[in-house]
$ cat input.cif   # mmCIF, C-alpha atoms
data_protein
loop_
_atom_site.label_atom_id
_atom_site.label_comp_id
_atom_site.auth_asym_id
_atom_site.auth_seq_id
_atom_site.Cartn_x
_atom_site.Cartn_y
_atom_site.Cartn_z
CA MET A 1 -4.33 98.43 148.89
CA TYR A 2 -1.86 95.54 149.07
CA ALA A 3 0.85 96.00 146.43
CA ILE A 4 3.85 93.94 145.37
CA ARG A 5 6.18 96.30 147.23
CA ASP A 6 4.28 95.48 150.46
CA ILE A 7 5.20 91.79 150.35
CA PRO A 8 7.08 91.07 153.62
CA GLU A 9 10.14 89.61 151.91
CA LEU A 10 10.52 92.65 149.67
CA ARG A 11 10.19 94.98 152.66
CA ALA A 12 12.83 92.96 154.51
CA CYS A 13 15.07 93.21 151.44
CA ASP A 14 14.72 97.01 151.42
CA GLU A 15 15.20 97.34 155.16
CA GLN A 16 18.13 94.89 155.27
CA ARG A 17 16.82 93.04 158.31
CA GLN A 18 16.57 89.37 159.34
CA LEU A 19 19.51 88.57 157.08
CA VAL A 20 21.60 85.47 156.51
CA ARG A 21 24.92 85.62 154.62
CA ILE A 22 25.73 83.30 151.70
CA PRO A 23 28.69 83.36 149.29
CA PRO A 24 29.91 85.54 147.78
CA GLU A 25 29.14 88.06 150.54
CA LEU A 26 25.42 88.24 149.75
CA ASP A 27 22.74 89.05 152.33
CA VAL A 28 19.48 87.13 152.05
CA PRO A 29 16.42 88.33 154.03
CA LEU A 30 14.66 85.60 156.02
CA THR A 31 11.19 86.54 157.23
CA ASP A 32 9.49 84.36 159.82
CA ARG A 33 7.45 82.54 157.20
CA VAL A 34 10.54 81.90 155.07
CA LYS A 35 12.30 80.50 158.13
CA ARG A 36 9.41 78.12 158.73
CA LEU A 37 9.76 76.81 155.16
CA ILE A 38 13.52 76.31 155.23
CA ASP A 39 13.41 74.69 158.67
CA THR A 40 11.20 71.83 157.47
CA VAL A 41 12.73 68.37 157.21
CA GLU A 42 12.17 68.30 153.45
CA PHE A 43 13.98 71.59 152.83
CA ARG A 44 16.82 70.83 155.27
CA ARG A 45 17.47 67.70 153.21
CA LEU A 46 18.84 69.98 150.48
CA ALA A 47 21.69 70.94 152.85
CA ARG A 48 22.91 67.33 152.48
CA ILE A 49 22.82 67.26 148.67
CA THR A 50 25.61 69.00 146.79
CA GLN A 51 24.73 71.25 143.88
CA LEU A 52 27.38 69.91 141.51
CA GLY A 53 27.82 66.35 142.72
CA LEU A 54 30.77 64.77 140.94
CA VAL A 55 32.30 68.09 139.85
CA SER A 56 34.07 68.24 143.22
CA LEU A 57 36.27 65.33 142.08
CA VAL A 58 37.90 67.80 139.68
CA TYR A 59 37.25 71.13 141.43
CA PRO A 60 37.68 70.27 145.14
CA ALA A 61 35.90 73.32 146.56
CA ALA A 62 32.77 72.83 144.43
CA ASN A 63 30.89 71.14 147.26
CA HIS A 64 28.21 73.77 147.90
CA THR A 65 24.68 72.53 148.45
CA ARG A 66 21.27 72.86 146.86
CA PHE A 67 20.22 74.54 150.12
CA GLU A 68 22.62 77.42 149.45
CA HIS A 69 21.61 77.61 145.79
CA SER A 70 17.92 77.74 146.73
CA LEU A 71 18.55 80.73 148.98
CA GLY A 72 20.42 82.40 146.12
CA VAL A 73 17.55 81.85 143.69
CA TYR A 74 15.07 83.17 146.25
CA ARG A 75 17.22 86.31 146.67
CA LEU A 76 17.23 86.88 142.91
CA ALA A 77 13.44 86.47 142.78
CA LEU A 78 13.22 89.42 145.18
CA LEU A 79 15.58 91.49 143.02
CA PHE A 80 13.58 90.66 139.87
CA LEU A 81 10.35 91.70 141.58
CA LYS A 82 11.90 94.90 142.96
CA ARG A 83 12.90 95.82 139.43
CA LEU A 84 9.64 94.81 137.72
CA GLU A 85 7.13 96.09 140.28
CA SER A 86 7.73 99.63 139.03
CA ASP A 87 6.77 98.53 135.49
CA GLU A 88 3.11 99.46 134.91
CA ARG A 89 2.57 96.60 132.47
CA PHE A 90 3.98 94.09 134.98
CA GLN A 91 1.67 95.48 137.70
CA ARG A 92 -1.34 94.97 135.43
CA ILE A 93 -0.34 91.42 134.53
CA VAL A 94 0.92 90.07 137.89
CA ARG A 95 -1.08 90.38 141.10
CA PRO A 96 0.68 90.60 144.52
CA GLU A 97 -0.49 87.09 145.47
CA GLU A 98 1.03 85.76 142.24
CA ALA A 99 4.29 87.52 143.09
CA GLU A 100 4.23 85.77 146.48
CA LEU A 101 3.70 82.47 144.67
CA LEU A 102 6.82 83.23 142.61
CA ILE A 103 8.85 83.91 145.78
CA ALA A 104 7.80 80.59 147.33
CA ALA A 105 8.45 78.77 144.05
CA ALA A 106 11.94 80.27 143.80
CA LEU A 107 12.74 79.04 147.30
CA LEU A 108 11.33 75.55 146.68
CA HIS A 109 12.21 75.01 143.02
CA ASP A 110 14.87 72.35 143.73
CA LEU A 111 12.91 70.48 146.38
CA GLY A 112 12.42 67.39 144.21
CA HIS A 113 16.10 66.93 143.38
CA TRP A 114 17.82 63.82 144.62
CA PRO A 115 21.60 63.23 144.69
CA PHE A 116 23.20 63.20 141.21
CA CYS A 117 19.74 63.91 139.84
CA HIS A 118 20.54 65.15 136.35
CA ALA A 119 23.03 62.36 135.59
CA ILE A 120 20.40 59.77 136.50
CA GLU A 121 17.55 61.56 134.70
CA ASP A 122 19.61 61.63 131.50
CA LEU A 123 19.41 57.81 131.42
CA ARG A 124 15.63 58.04 130.89
CA LEU A 125 15.05 54.63 132.43
CA PRO A 126 11.57 53.15 132.96
CA GLY A 127 10.27 53.83 136.46
CA VAL A 128 12.68 56.70 137.14
CA PRO A 129 10.58 59.86 137.59
CA ARG A 130 11.57 63.31 136.50
CA HIS A 131 12.53 65.42 139.50
CA GLU A 132 9.78 67.84 138.52
CA MET A 133 7.25 65.11 139.26
CA PHE A 134 9.02 63.99 142.42
CA VAL A 135 8.65 67.45 143.95
CA SER A 136 4.88 67.03 144.09
CA SER A 137 5.04 64.53 146.94
CA PHE A 138 7.20 66.90 149.01
CA LEU A 139 4.79 69.79 148.48
CA LEU A 140 1.53 67.88 148.85
CA GLU A 141 2.37 65.30 151.50
CA SER A 142 4.58 67.09 154.01
CA GLU A 143 4.84 69.91 156.53
CA ILE A 144 5.79 72.27 153.70
CA GLY A 145 2.23 72.09 152.37
CA ASP A 146 0.87 73.15 155.75
CA VAL A 147 3.29 76.09 155.96
CA LEU A 148 2.31 77.25 152.47
CA ARG A 149 -1.38 77.12 153.32
CA ASN A 150 -1.17 78.66 156.78
CA ASP A 151 1.61 81.28 156.37
CA TRP A 152 1.46 82.12 152.69
CA ASN A 153 -2.19 81.48 151.82
CA ILE A 154 -0.89 79.39 148.92
CA ASN A 155 -2.48 76.18 147.67
CA PRO A 156 0.45 73.77 147.22
CA ARG A 157 -1.10 72.52 143.97
CA ASP A 158 -0.81 76.04 142.52
CA LEU A 159 2.89 75.96 143.36
CA VAL A 160 3.30 72.54 141.73
CA HIS A 161 1.55 73.84 138.64
CA LEU A 162 3.78 76.93 138.42
CA LEU A 163 6.93 74.86 138.88
CA HIS A 164 6.15 71.89 136.69
CA GLY A 165 2.55 71.97 135.56
CA GLY A 166 3.16 72.03 131.81
CA SER A 167 2.25 74.96 129.60
CA PRO A 168 0.94 77.93 131.63
CA ARG A 169 -2.44 79.18 130.44
CA GLU A 170 -2.59 82.88 131.34
CA PRO A 171 -0.04 85.57 130.28
CA GLY A 172 0.85 86.34 133.91
CA GLU A 173 1.42 82.65 134.59
CA ARG A 174 3.67 82.35 131.56
CA LEU A 175 5.59 85.44 132.67
CA LEU A 176 6.23 84.02 136.14
CA ALA A 177 7.17 80.61 134.70
CA GLY A 178 9.71 82.37 132.47
CA ILE A 179 11.29 84.07 135.47
CA LEU A 180 11.76 80.63 137.02
CA SER A 181 12.93 78.87 133.88
CA GLY A 182 13.73 80.76 130.71
CA PRO A 183 16.62 82.31 128.78
CA ILE A 184 17.32 84.84 131.55
CA ASP A 185 16.00 83.22 134.69
CA ILE A 186 16.77 83.33 138.39
CA ASP A 187 17.97 79.72 138.44
CA LYS A 188 20.65 80.11 135.74
CA MET A 189 21.68 83.50 136.97
CA ASP A 190 22.43 82.09 140.42
CA TYR A 191 24.00 78.74 139.53
CA LEU A 192 26.38 80.17 136.93
CA TYR A 193 27.75 82.69 139.40
CA ARG A 194 27.66 80.42 142.46
CA ASP A 195 29.18 77.38 140.72
CA SER A 196 31.94 79.59 139.35
CA VAL A 197 32.72 81.00 142.80
CA HIS A 198 32.96 77.58 144.45
CA ALA A 199 34.81 75.91 141.58
CA GLY A 200 37.40 78.68 141.73
CA VAL A 201 37.05 79.68 138.08
CA PRO A 202 36.09 83.09 136.63
CA TYR A 203 33.91 81.91 133.74
CA GLY A 204 30.46 82.08 135.34
CA ARG A 205 31.08 85.49 136.88
CA ASN A 206 32.03 87.35 133.72
CA PHE A 207 28.67 89.00 133.14
CA ASP A 208 27.13 92.05 134.75
CA GLN A 209 24.33 90.57 136.84
CA GLN A 210 23.26 93.93 138.27
CA ARG A 211 23.07 95.52 134.83
CA LEU A 212 21.04 92.62 133.50
CA VAL A 213 18.50 92.82 136.35
CA LYS A 214 18.13 96.58 135.87
CA SER A 215 17.38 96.04 132.17
CA LEU A 216 14.47 93.63 132.73
CA CYS A 217 11.11 94.51 131.24
CA VAL A 218 7.98 92.78 129.92
CA ASN A 219 7.99 91.52 126.35
CA GLU A 220 5.67 92.85 123.65
CA ALA A 221 3.10 90.07 124.09
CA GLY A 222 3.00 90.60 127.85
CA ASP A 223 3.66 86.94 128.62
CA GLY A 224 7.41 86.85 129.21
CA LEU A 225 10.58 88.72 130.09
CA ALA A 226 12.51 90.96 127.74
CA ILE A 227 15.50 93.24 128.27
CA THR A 228 16.10 96.81 127.29
CA GLU A 229 18.88 97.72 124.89
CA LYS A 230 21.14 98.54 127.86
CA GLY A 231 21.14 94.91 128.94
CA LYS A 232 22.16 93.45 125.57
CA THR A 233 25.88 93.11 126.34
CA ALA A 234 25.18 91.63 129.78
CA ALA A 235 22.86 89.06 128.20
CA GLU A 236 25.51 88.14 125.61
CA LEU A 237 28.09 87.68 128.36
CA MET A 238 25.68 85.55 130.39
CA LEU A 239 25.22 83.23 127.42
CA PHE A 240 28.98 83.06 126.93
CA ALA A 241 29.44 82.35 130.65
CA ARG A 242 27.06 79.42 130.34
CA TYR A 243 28.88 78.13 127.27
CA VAL A 244 32.27 78.24 129.00
CA MET A 245 30.97 76.76 132.28
CA PHE A 246 29.65 73.76 130.36
CA SER A 247 32.89 73.45 128.42
CA GLU A 248 35.30 73.81 131.34
CA VAL A 249 33.31 72.62 134.38
CA TYR A 250 30.08 70.69 133.82
CA TRP A 251 31.37 68.73 130.80
CA HIS A 252 35.05 68.59 131.81
CA HIS A 253 36.34 65.21 130.61
CA ALA A 254 37.16 63.92 134.11
CA VAL A 255 33.74 65.03 135.41
CA ARG A 256 32.14 63.16 132.54
CA SER A 257 34.25 60.08 133.28
CA ALA A 258 32.95 59.97 136.85
CA THR A 259 29.42 60.64 135.54
CA ALA A 260 29.67 57.80 133.04
CA MET A 261 30.86 55.42 135.77
CA LEU A 262 27.99 56.38 138.09
CA GLN A 263 25.46 56.10 135.26
CA ARG A 264 26.69 52.65 134.25
CA ALA A 265 26.58 51.43 137.85
CA PHE A 266 23.07 52.83 138.37
CA TYR A 267 21.92 51.28 135.07
CA GLN A 268 23.07 47.87 136.28
CA LEU A 269 21.48 48.27 139.72
CA TYR A 270 18.28 50.24 139.25
CA SER A 271 15.94 47.25 138.86
CA ARG A 272 16.96 46.20 142.40
CA LEU A 273 16.50 49.62 143.98
CA ASP A 274 13.56 51.07 145.88
CA LEU A 275 13.69 54.38 144.06
CA ASP A 276 11.12 56.14 146.23
CA VAL A 277 13.24 55.48 149.32
CA LEU A 278 16.57 56.05 147.57
CA PHE A 279 15.64 59.42 146.09
CA ARG A 280 14.63 60.79 149.50
CA GLN A 281 18.04 60.09 151.02
CA SER A 282 20.95 62.43 151.65
CA GLU A 283 23.88 62.20 149.27
CA TRP A 284 25.99 60.18 151.72
CA ASP A 285 23.21 57.67 152.39
CA PHE A 286 22.43 57.48 148.67
CA VAL A 287 26.01 56.47 147.85
CA GLN A 288 26.19 53.96 150.70
CA THR A 289 22.93 52.36 149.56
CA LEU A 290 24.22 51.95 146.01
CA ARG A 291 27.57 50.54 147.17
CA GLY A 292 25.90 48.12 149.57
CA ILE A 293 23.68 46.67 146.83
CA ALA A 294 26.50 46.66 144.26
CA GLY A 295 28.83 44.54 146.39
CA ASN A 296 31.99 43.35 144.62
CA GLY A 297 30.51 43.11 141.13
CA ALA A 298 31.11 45.36 138.15
CA ALA A 299 28.89 48.13 139.56
CA GLY A 300 30.83 47.93 142.82
CA VAL A 301 34.13 48.41 140.99
CA LEU A 302 32.76 51.49 139.22
CA LEU A 303 31.30 53.02 142.38
CA ASP A 304 34.51 52.34 144.31
CA GLY A 305 36.47 54.20 141.65
CA VAL A 306 34.24 57.25 142.08
CA PHE A 307 33.41 57.20 145.79
CA GLY A 308 36.07 54.96 147.33
CA THR A 309 39.00 55.99 149.49
CA GLN A 310 41.21 56.34 146.40
CA ARG A 311 39.89 58.02 143.28
CA CYS A 312 40.28 55.80 140.22
CA LEU A 313 38.44 57.28 137.26
CA PHE A 314 38.34 55.74 133.80
CA LYS A 315 40.55 57.49 131.25
CA ARG A 316 39.58 59.23 128.04
CA VAL A 317 40.66 57.19 125.03
CA ALA A 318 38.95 59.20 122.27
CA GLN A 319 36.53 62.05 121.82
CA TYR A 320 34.38 63.32 118.97
CA SER A 321 32.47 66.54 118.30
CA ALA A 322 31.00 68.38 115.34
CA ILE A 323 34.59 69.20 114.26
CA GLU A 324 36.41 66.14 115.67
CA ASN A 325 35.28 63.18 113.53
CA GLU A 326 31.80 64.51 112.84
CA GLU A 327 30.61 61.20 111.36
CA LEU A 328 31.20 59.25 114.57
CA TYR A 329 29.80 62.10 116.62
CA ARG A 330 26.54 62.01 114.66
CA ARG A 331 26.34 58.22 114.98
CA LEU A 332 26.77 58.28 118.77
CA ALA A 333 25.26 61.54 120.05
CA ARG A 334 21.74 61.64 121.53
CA ARG A 335 21.23 57.87 121.47
CA PRO A 336 19.15 56.18 124.20
CA TYR A 337 21.28 55.07 127.13
CA PRO A 338 20.57 51.31 126.81
CA TRP A 339 21.88 51.53 123.25
CA LEU A 340 25.03 53.35 124.44
CA ALA A 341 25.62 50.65 127.07
CA ALA A 342 25.22 47.95 124.43
CA CYS A 343 27.57 49.80 122.07
CA GLY A 344 30.20 49.98 124.84
CA GLU A 345 29.92 46.24 125.41
CA GLU A 346 30.25 45.53 121.67
CA LEU A 347 33.34 47.76 121.57
CA ALA A 348 34.82 45.95 124.59
CA ALA A 349 34.39 42.62 122.78
CA LEU A 350 36.03 43.95 119.60
CA LEU A 351 38.92 45.41 121.61
CA SER A 352 39.44 42.11 123.45
CA ALA A 353 39.98 40.40 120.11
CA ARG A 354 42.14 43.23 118.81
CA ILE A 355 44.59 43.50 121.74
CA LYS A 356 44.33 39.81 122.64
CA ARG A 357 43.50 40.57 126.26
CA VAL A 358 40.23 40.20 128.10
CA VAL A 359 38.38 43.51 128.30
CA ALA A 360 35.36 43.24 130.58
CA PRO A 361 32.08 44.61 129.17
CA PHE A 362 31.97 47.41 131.76
CA GLU A 363 35.58 48.50 131.16
CA VAL A 364 34.72 50.50 128.04
CA MET A 365 32.02 53.17 128.16
CA VAL A 366 30.54 55.53 125.60
CA ASP A 367 29.59 58.92 127.07
CA ALA A 368 27.45 61.02 124.76
CA PRO A 369 25.16 64.07 124.85
CA PRO A 370 21.71 63.05 126.14
CA VAL A 371 18.66 62.72 123.94
CA HIS A 372 17.29 66.17 124.78
CA LYS A 373 19.09 69.31 123.59
CA GLU A 374 19.60 72.56 125.46
CA ILE A 375 16.94 75.23 124.95
CA GLU A 376 17.94 78.00 122.59
CA PHE A 377 18.52 81.47 124.04
CA GLN A 378 15.33 83.21 122.88
CA VAL A 379 14.69 86.62 124.39
CA ASP A 380 13.61 89.96 122.94
CA VAL A 381 15.39 93.30 123.25
CA PHE A 382 13.37 96.50 123.66
CA PHE A 383 14.70 99.61 121.89
CA PRO A 384 13.11 102.62 123.64
CA LYS A 385 13.93 105.22 120.98
CA GLU A 386 12.21 103.19 118.29
CA GLN A 387 9.60 101.73 120.64
CA CYS A 388 10.12 98.29 119.16
CA TYR A 389 11.24 94.78 120.17
CA ARG A 390 13.73 92.63 118.26
CA PRO A 391 14.90 89.08 119.02
CA LEU A 392 18.32 89.07 120.67
CA VAL A 393 19.49 86.42 118.22
CA GLN A 394 18.72 88.87 115.40
CA VAL A 395 20.79 91.75 116.81
CA SER A 396 23.65 89.71 118.32
CA PRO A 397 26.09 87.60 116.29
CA VAL A 398 27.40 86.21 119.59
CA VAL A 399 24.01 84.77 120.51
CA ARG A 400 23.42 83.57 116.97
CA ALA A 401 26.69 81.62 116.99
CA LEU A 402 26.50 80.18 120.50
CA ALA A 403 22.82 79.56 121.14
CA GLN A 404 21.73 78.10 117.83
CA GLN A 405 24.66 75.96 116.76
CA GLN A 406 27.66 75.57 118.97
CA PHE A 407 26.23 74.81 122.39
CA ASP A 408 25.36 71.13 122.17
CA ASP A 409 27.44 70.10 119.18
CA TYR A 410 30.69 71.68 120.37
CA VAL A 411 30.54 71.67 124.17
CA LYS A 412 28.94 68.27 124.75
CA ARG A 413 31.39 65.92 123.12
CA VAL A 414 31.13 62.19 122.68
CA ARG A 415 33.88 60.48 124.66
CA ILE A 416 35.10 56.90 124.97
CA PHE A 417 36.38 56.04 128.45
CA ALA A 418 38.27 52.91 129.44
CA ALA A 419 39.64 51.33 132.61
CA PRO A 420 43.12 52.70 133.47
CA ARG A 421 44.79 49.29 133.01
CA ILE A 422 44.06 49.24 129.26
CA CYS A 423 43.75 52.90 128.27
CA GLU A 424 47.31 53.43 126.96
CA GLU A 425 47.10 50.29 124.86
CA LEU A 426 43.82 51.44 123.35
CA ARG A 427 45.14 54.93 122.61
CA ASP A 428 47.92 53.39 120.54
CA LEU A 429 45.50 51.57 118.22
CA ARG A 430 45.55 53.23 114.81
CA ASP A 431 42.27 51.59 113.84
CA PHE A 432 40.41 52.56 117.02
CA SER A 433 37.86 54.67 115.12
CA ASP A 434 37.19 51.77 112.75
CA LEU A 435 36.48 49.56 115.76
CA VAL A 436 34.07 52.17 117.12
CA HIS A 437 32.25 52.21 113.76
CA ALA A 438 32.04 48.42 113.89
CA ALA A 439 30.65 48.54 117.43
CA VAL A 440 27.98 51.02 116.32
CA ASP A 441 27.04 48.71 113.44
CA ARG A 442 26.72 45.78 115.85
CA ALA A 443 24.64 47.78 118.33
CA ASP A 444 22.36 48.90 115.49
CA SER A 445 21.80 45.37 114.18
#

$ encode --input "input.cif" --output "structure tokens"
Amino acid sequence: MYAIRDIPELRACDEQRQLVRIPPELDVPLTDRVKRLIDTVEFRRLARITQLGLVSLVYPAANHTRFEHSLGVYRLALLFLKRLESDERFQRIVRPEEAELLIAAALLHDLGHWPFCHAIEDLRLPGVPRHEMFVSSFLLESEIGDVLRNDWNINPRDLVHLLHGGSPREPGERLLAGILSGPIDIDKMDYLYRDSVHAGVPYGRNFDQQRLVKSLCVNEAGDGLAITEKGKTAAELMLFARYVMFSEVYWHHAVRSATAMLQRAFYQLYSRLDLDVLFRQSEWDFVQTLRGIAGNGAAGVLLDGVFGTQRCLFKRVAQYSAIENEELYRRLARRPYPWLAACGEELAALLSARIKRVVAPFEVMVDAPPVHKEIEFQVDVFFPKEQCYRPLVQVSPVVRALAQQQFDDYVKRVRIFAAPRICEELRDLRDFSDLVHAAVDRADS
């Protein structure tokens, strides 16, 4: 009888054969059918798209690729299955062919990403697809679909549904979807550690990944992951690692400056772009396409500051959070991007009058948390002695403080960026906050 432990990739993991090495000193088993997937044109494209995009402007070594990350997530899928296949409840819920579907999904989960994907998605512009939808064309209209059918006996549509098909119907489907994207999932567990390694910071590595994997179990309902009591501290540290990585890396003020500049340039150009062609390009070609269409206009100036031969990022003039001018933070956070762009232009006009110098509309930008909020860290803890499950948020003050309140409101600040030529003058304005309030009023009217 074919069991989960008989899956070729799990056997290769146990036997430590057909290995490829990825940072930090991790061996990843590559069976013949895995090799045929990663050697396709569509998957090789991920080797030319960096995982962190603009973060490398601040952390120079953070230029690892989505190809590397995908191999890391695939490796963790094998470790999750190795742990869970000995769980009788998991065996009853998940069939071997479903476990194989999970392995393929882990390997291909980022296939639909284009360069600077999340920054562009946060704009929520008409005609710009979610990357989850974009992945469908790669799976259904390419060589990858043939490999899945012939080597894996997988219908590509089943893979699309598992990755991005909305609410899973069956308990086993929900369980697998949670392994791919949930509070403790293989994607987060890899990118926190990998991004930390390449950025050269310790924050994303300060949780016991091995301990957390060994504590995995099935939740009480049988439709998701839980952890045993022994994994509680590791889970708390993983949440804290995520909090600090957002604070110090992903939402670093200079990273957000570059992001705001790229977003503003894309916003000005996107109606002239062939998005289907653009989003299939490598990162280098993507940037060159944008710069070619932008020319010497405002968008060209912004793109040159980010991608040109000399870095010239806009400077932070002010910032607001739930504890730094909460009123302005509430007025600016989670607004639609077109409104933020209009607010920046209104502020530029007010500042022109105030400092009696021409401030171009694109020279002042409002960067704010996007409309959607981060998902709360909801996972249950199993206590073997009592044979009961309790929500982690109930038994952990750390999780209660970080996951429910502080993540978005404290890490994702609102920032006002301005062109370097005027930033010092703007910082000296004692009534700058009043001008921001006035700009908000104008944008609202």

$ closest_atom_pairs --input "input.cif" --of "region 75-132 of chain A" --to "region 139-142 of chain A" --cutoff "12 Å" --atoms "all atoms listed in the file" --output "Markdown table"
| residue | atom | partner | partner_atom | distance |
| --- | --- | --- | --- | --- |
| A:Ala104 | CA | A:Leu139 | CA | 11.3 |
| A:Ala105 | CA | A:Leu139 | CA | 10.7 |
| A:Leu108 | CA | A:Leu139 | CA | 8.9 |
| A:His109 | CA | A:Leu139 | CA | 10.6 |
| A:Asp110 | CA | A:Leu139 | CA | 11.4 |
| A:Leu111 | CA | A:Leu139 | CA | 8.4 |
| A:Gly112 | CA | A:Leu139 | CA | 9.1 |
| A:Glu132 | CA | A:Leu139 | CA | 11.3 |

$ resolve_selection --input "input.cif" --expression "the PyMOL selection byres ((chain A and resi 159) around 12)" --output "PyMOL selection string"
chain A and resi 97-109+111+132+135-136+138-140+144-145+148-149+152-158+160-165+173+176-177+180

$ residues_around --input "input.cif" --residues "Asp276 (chain A)" --least-positions-apart "4" --cutoff "10 Å" --atoms "all atoms listed in the file" --output "JSON, numbers by chain"
{"A": [128, 129, 134, 280, 281]}

$ closest_residue --input "input.cif" --among "A:Gly300, A:Pro24, A:Pro202, A:Pro369" --to "Arg415 (chain A)" --atoms "all atoms listed in the file"
A:Pro369

$ resolve_selection --input "input.cif" --expression "the PyMOL selection byres ((chain A and resi 327-339) around 8)" --output "PDB file with C-alpha atoms, in the coordinates of the input"
ATOM      1  CA  LEU A 123      19.410  57.810 131.420  1.00  0.00           C
ATOM      2  CA  ARG A 124      15.630  58.040 130.890  1.00  0.00           C
ATOM      3  CA  TYR A 320      34.380  63.320 118.970  1.00  0.00           C
ATOM      4  CA  SER A 321      32.470  66.540 118.300  1.00  0.00           C
ATOM      5  CA  ALA A 322      31.000  68.380 115.340  1.00  0.00           C
ATOM      6  CA  GLU A 324      36.410  66.140 115.670  1.00  0.00           C
ATOM      7  CA  ASN A 325      35.280  63.180 113.530  1.00  0.00           C
ATOM      8  CA  GLU A 326      31.800  64.510 112.840  1.00  0.00           C
ATOM      9  CA  LEU A 340      25.030  53.350 124.440  1.00  0.00           C
ATOM     10  CA  ALA A 341      25.620  50.650 127.070  1.00  0.00           C
ATOM     11  CA  ALA A 342      25.220  47.950 124.430  1.00  0.00           C
ATOM     12  CA  CYS A 343      27.570  49.800 122.070  1.00  0.00           C
ATOM     13  CA  ALA A 368      27.450  61.020 124.760  1.00  0.00           C
ATOM     14  CA  PRO A 369      25.160  64.070 124.850  1.00  0.00           C
ATOM     15  CA  PRO A 370      21.710  63.050 126.140  1.00  0.00           C
ATOM     16  CA  VAL A 371      18.660  62.720 123.940  1.00  0.00           C
ATOM     17  CA  HIS A 372      17.290  66.170 124.780  1.00  0.00           C
ATOM     18  CA  ARG A 413      31.390  65.920 123.120  1.00  0.00           C
ATOM     19  CA  VAL A 414      31.130  62.190 122.680  1.00  0.00           C
ATOM     20  CA  HIS A 437      32.250  52.210 113.760  1.00  0.00           C
ATOM     21  CA  VAL A 440      27.980  51.020 116.320  1.00  0.00           C
ATOM     22  CA  ALA A 443      24.640  47.780 118.330  1.00  0.00           C
TER      23      ALA A 443
END

$ resolve_selection --input "input.cif" --expression "the PyMOL selection byres ((chain A and resi 93) around 8)" --output "list in words"
Arg89, Phe90, Gln91, Arg92, Val94, Arg95, Pro171, Gly172 and Gly222 of chain A

$ write_last_selection --input "input.cif" --atoms "C-alpha atoms" --output "tab-separated table (two decimals), in the coordinates of the input"
chain	number	residue	atom	x	y	z
A	89	ARG	CA	2.57	96.60	132.47
A	90	PHE	CA	3.98	94.09	134.98
A	91	GLN	CA	1.67	95.48	137.70
A	92	ARG	CA	-1.34	94.97	135.43
A	94	VAL	CA	0.92	90.07	137.89
A	95	ARG	CA	-1.08	90.38	141.10
A	171	PRO	CA	-0.04	85.57	130.28
A	172	GLY	CA	0.85	86.34	133.91
A	222	GLY	CA	3.00	90.60	127.85

$ closest_residue --input "input.cif" --among "A:Leu225, A:Leu37, A:Leu54, A:Leu237" --to "Leu402 (chain A)" --atoms "only C-alpha atoms"
A:Leu237

$ residues_around --input "input.cif" --residues "Ala401 (chain A)" --least-positions-apart "6" --cutoff "12 Å" --atoms "only C-alpha atoms" --output "ChimeraX atom specification"
/A:236,239-240,243,376-377,392-395,407-410

$ residues_around --input "input.cif" --residues "region 60-69 of chain A" --least-positions-apart "2" --cutoff "9 Å" --atoms "all atoms listed in the file" --output "ChimeraX atom specification"
/A:22-23,38,43-58,71-74,110-111,113,187,190-191,194-200
